[in-house]
Structure formats: structure tokens, C-alpha cells
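Working notes for the structure below.
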Amino acid sequence: MFNPEKEDNIFFPENISAKKEKEDELKEVIKISVSENLPEIGIDKESILEAKRKIDDILGEEWDLSIENIQIGIFANREEMEDFAQEKSIPLDKLTKDSALFYINPNTQEKYVFVAKDFEKNKRMFEDIGYSENESVNFLKKGILAGVVHEMTHMHHFFEKHGNQETDNLWEQEMICNYTENKAKGDTSKILVEWGYINEKKIEEFTLEHGNWDSFSKEEKNAVIDYFYPFLIKEYGLDATREIWKKLQLNSDINGAIREVLETEPEEVVANFKGKIKDRGYLQNILV
Ligand SMILES: [Zn+2]
């Protein structure tokens, strides 16, 4: 029997227009400013939407950006970023010295994503080590967008209760933020370089306890962080990995989430990881 309602559902015309409407609405709320002192880097509202779709894909859940209040600022250098922060009363001095960072105003809940990149200086650096001008520019553009994606992921509601100034879920946040960043960059060379910073003794010290975060250098952290999430996907599957992170929005207990989802003791999972990441071939395989 012909059922017009059912026909509609087959072609999803309403869904398509609803989706389009939602995306237009999102474009309205996305606030992005790019420094005039940067060359054309091709990052606009559409790129941010694209980044959001990537994050959705990875986390397996549609993130409603329209209820967020995120301002994205891309600056040509640290000074510009500091001037902007001062205007908005953002205590930049208490935040990381990195060229990409995020801040959530505890009073207004306004969220900020900042990336500062000295384009010309970085371009020269790449050219000095043998990249062509074109390659260097593309590399830098991708790097800026990847920085935005990393910091945006911190804003995801899976972590919103925690910020990342606290020490309570730094490993977990950075693992997923580096993963979305690396996916956005689509280039794993940085990760393989960082691998060189970690030695086997350091790997033995890694646990998911938050207390041991500070004993790792930035490069050593990245070497672990970059591999743990892809390792989980490879060993336990995408759905289970997503499920573990989803549980973090309830509390920041990754050990509890692993135990619950994988029905395995977290120590066992970490031991498995330590065994696997000593094999460089295995590592290259899980980075896609
Ligand atoms: Zn981060």
C-alpha cells in the first residue's frame, strides 16, 4: 500500500533540508576571526564545520555547536593573541605557553580557541629543511586548522565539566585531542618523530593515573598519547573505544570506563599497550 509518509522517509527530503538548516544555523553561531597579518590561510566557518564533522565522526556522536559559545581566534603571533586575551580579561599568563590553547570563562561560560602562528618564520623554517614554498604553505595551513581542531575537541561536552587546568583527566583529553588533531593534519610524520623522544624505561612508567602526568616531558607525553587511542581501536574496536570516552562525561574515571566497557582490568590494557608499542612496525600500522 502506498504510504506517502513512508515514501518521504525513503528519500529523507525533510531530513536533508533540516540538516542544511541546522548547518546554516551553526554557521551563524560560529565566531571566527583571523589576523589581518596572516596571508590567506583558507580557514573560515565552513572549515570549522568540517572540523566539527570530523570530531563527530571520531567520537561517534553529533556535537551541537549551536549551544556552545565558542570564539575562535587565529593570530599571526603570540603578542596579538595576548592583546586579544587582555581585552577579554583572559588570564593568559596562567595558561599554557603553547601556540594553541583554549580557555573557558568560569563566570560566563564563553569558550575561546586560540592559535598563534608566525607564518613567515615557520615557512622559512620549513623551506630551510628542504620543503618547497608550496609544501611549506600547505603544511602550515593544515597545522593551523589541526591546532583549532585539537583545542575545539577540548570543548566537547565529554570533557566540559573538567576543563584541562585540573589534573583529573589530562591523559584522556589529550589522547582524543591529539587524535582529532592528527586526523585533521592527515600527516603522521610528527608522531613518528616524537616516537624518538620516548625510551623503553619511560614507557614502563606510564599508567593512566593522573598523578604521573607531570613526570613526562612534553614530547614523551605526546609519544604515548598519540598511540594509546589508535591502539585501543586496533585491539578492542572503534565502538568500544568510543564508548570508553563517552563515559568520561559522567566522571573523569577512565580506569572505571575501561573496566566497564572492556571487562578487563585497566592495568592489563596498559600492559598490553606497553608490549605493543615497542614494535615500530605495529605503531606505523595503527596510524591511519
Ligand atoms: Zn590539548
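Naming scheme: A, B, ... for chains in displayed order of the C-alpha cells; residues 1 onward per chain; ligands 1 onward as shown.
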Query raised in the report: Once you count only C-alpha atoms and all ligand atoms, which residues end up within 9 Å of ligand 1, and could you hand them over as a list of chain:residue names?
Result: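 Checking only C-alpha atoms and all ligand atoms against ligand 1 at 9 Å gives A:Ala100, A:Leu101, A:Phe102, A:His150, A:Glu151, A:Thr153, A:His154, A:Asn164, A:Leu170, A:Gln173, A:Glu174, A:Met175, A:Ile176, A:Cys177, A:Asn178.
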Requested in this report: From segment 19-218 of chain A, collect each residue whose DSSP state is helix (DSSP H, G or I) and return the set as a PyMOL selection string.
Outcome: chain A and resi 19-29+45-59+65-67+78-87+92-94+119-128+133-154+170-185+189-195+200-205+210-215+218
Report summary line: Shortest contact to Asp64 of chain A, candidates A:Gly143, A:Arg280, A:His157, A:Gly211, atoms counted only C-alpha atoms, goes to A:His157
Query raised in the report: Can you list, as a list in words, every residue of segment 4-141 of chain A that DSSP puts in strand (DSSP E or B)?
Result: Lys31, Ile32, Ser33, Val34, Ile70, Gln71, Ile72, Gly73, Ile74, Phe75, Ala100, Leu101, Phe102, Tyr103, Ile104, Lys111, Tyr112, Val113, Phe114, Val115 and Ala116 of chain A
Could you turn the residues from that selection into a file that holds C-alpha atoms, as a CSV table (one decimal), in the first residue's frame?
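This went into selection-v3.csv:
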```csv
chain,number,residue,atom,x,y,z
A,31,LYS,CA,32.6,33.1,15.6
A,32,ILE,CA,36.0,33.2,14.0
A,33,SER,CA,38.5,35.9,13.5
A,34,VAL,CA,41.7,35.6,11.5
A,70,ILE,CA,32.9,29.4,21.1
A,71,GLN,CA,35.1,32.2,19.7
A,72,ILE,CA,38.0,31.1,17.5
A,73,GLY,CA,40.9,33.4,17.1
A,74,ILE,CA,43.8,32.8,14.8
A,75,PHE,CA,46.7,35.2,15.3
A,100,ALA,CA,47.4,26.7,20.5
A,101,LEU,CA,45.3,26.8,23.6
A,102,PHE,CA,41.7,27.1,24.9
A,103,TYR,CA,40.0,28.9,27.7
A,104,ILE,CA,36.6,28.6,29.3
A,111,LYS,CA,34.8,29.5,25.3
A,112,TYR,CA,37.9,30.5,23.4
A,113,VAL,CA,40.1,28.7,21.0
A,114,PHE,CA,43.4,30.4,20.1
A,115,VAL,CA,46.1,29.5,17.6
A,116,ALA,CA,49.0,31.8,17.1
```
Query raised in the report: Suppose you want the space between atom CA of Glu80 of chain A and atom CA of Ile67 of chain A; what is it in Å?
Result: 27.9 Å
Query - Counting only C-alpha atoms, the option among A:Lys123, A:Ile144, A:His156, A:Leu65 closest to Asp44 of chain A - result: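 Among the listed residues, the smallest separation from Asp44 of chain A belongs to A:Ile144.
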**Report entry** Top pick for closest residue to Ser35 of chain A, considering A:Ser132, A:Ser215, A:Asn285, A:Asn77 and counting only C-alpha atoms
**Finding:** A:Asn77
Proximity of segment 110-222 of chain A to segment 264-279 of chain A: per-residue shortest pair, 7 Å limit, only C-alpha atoms, as a Markdown table:
```
| residue | atom | partner | partner_atom | distance |
| --- | --- | --- | --- | --- |
| A:Ile203 | CA | A:Lys274 | CA | 6.4 |
| A:Glu204 | CA | A:Lys274 | CA | 6.9 |
| A:Thr207 | CA | A:Val270 | CA | 6.8 |
```
Would you mind exporting the chosen residues as a PDB file, in the first residue's frame, restricted to C-alpha atoms?
```
ATOM      1  CA  ILE A 203      57.127   3.517  28.700  1.00  0.00           C
ATOM      2  CA  GLU A 204      57.346   1.282  31.746  1.00  0.00           C
ATOM      3  CA  THR A 207      49.992   4.439  33.813  1.00  0.00           C
TER       4      THR A 207
END
```
Query raised in the report: Given the choices A:Phe119, A:Lys88, A:Trp171, A:Gly60, which gets closest to Asn212 of chain A if the distance is worked out from only C-alpha atoms?
Result: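 The closest residue to Asn212 of chain A is A:Trp171.
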Query raised in the report: Quick one: residues within 10 Å of segment 251-262 of chain A, only C-alpha atoms counted, chain neighbours fewer than 3 positions away excluded, as a list in words?
Result: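 The residues that qualify are Phe158, Phe159, Lys161, His162, Asp168, Asn169, Leu170, Trp171, Glu172, Gln173, Leu208, Glu209, His210, Tyr236, Asp239, Ala240, Thr241, Arg242, Glu243, Ile244, Trp245, Lys246, Lys247, Leu248, Glu265, Pro266, Glu267 and Val269 of chain A.
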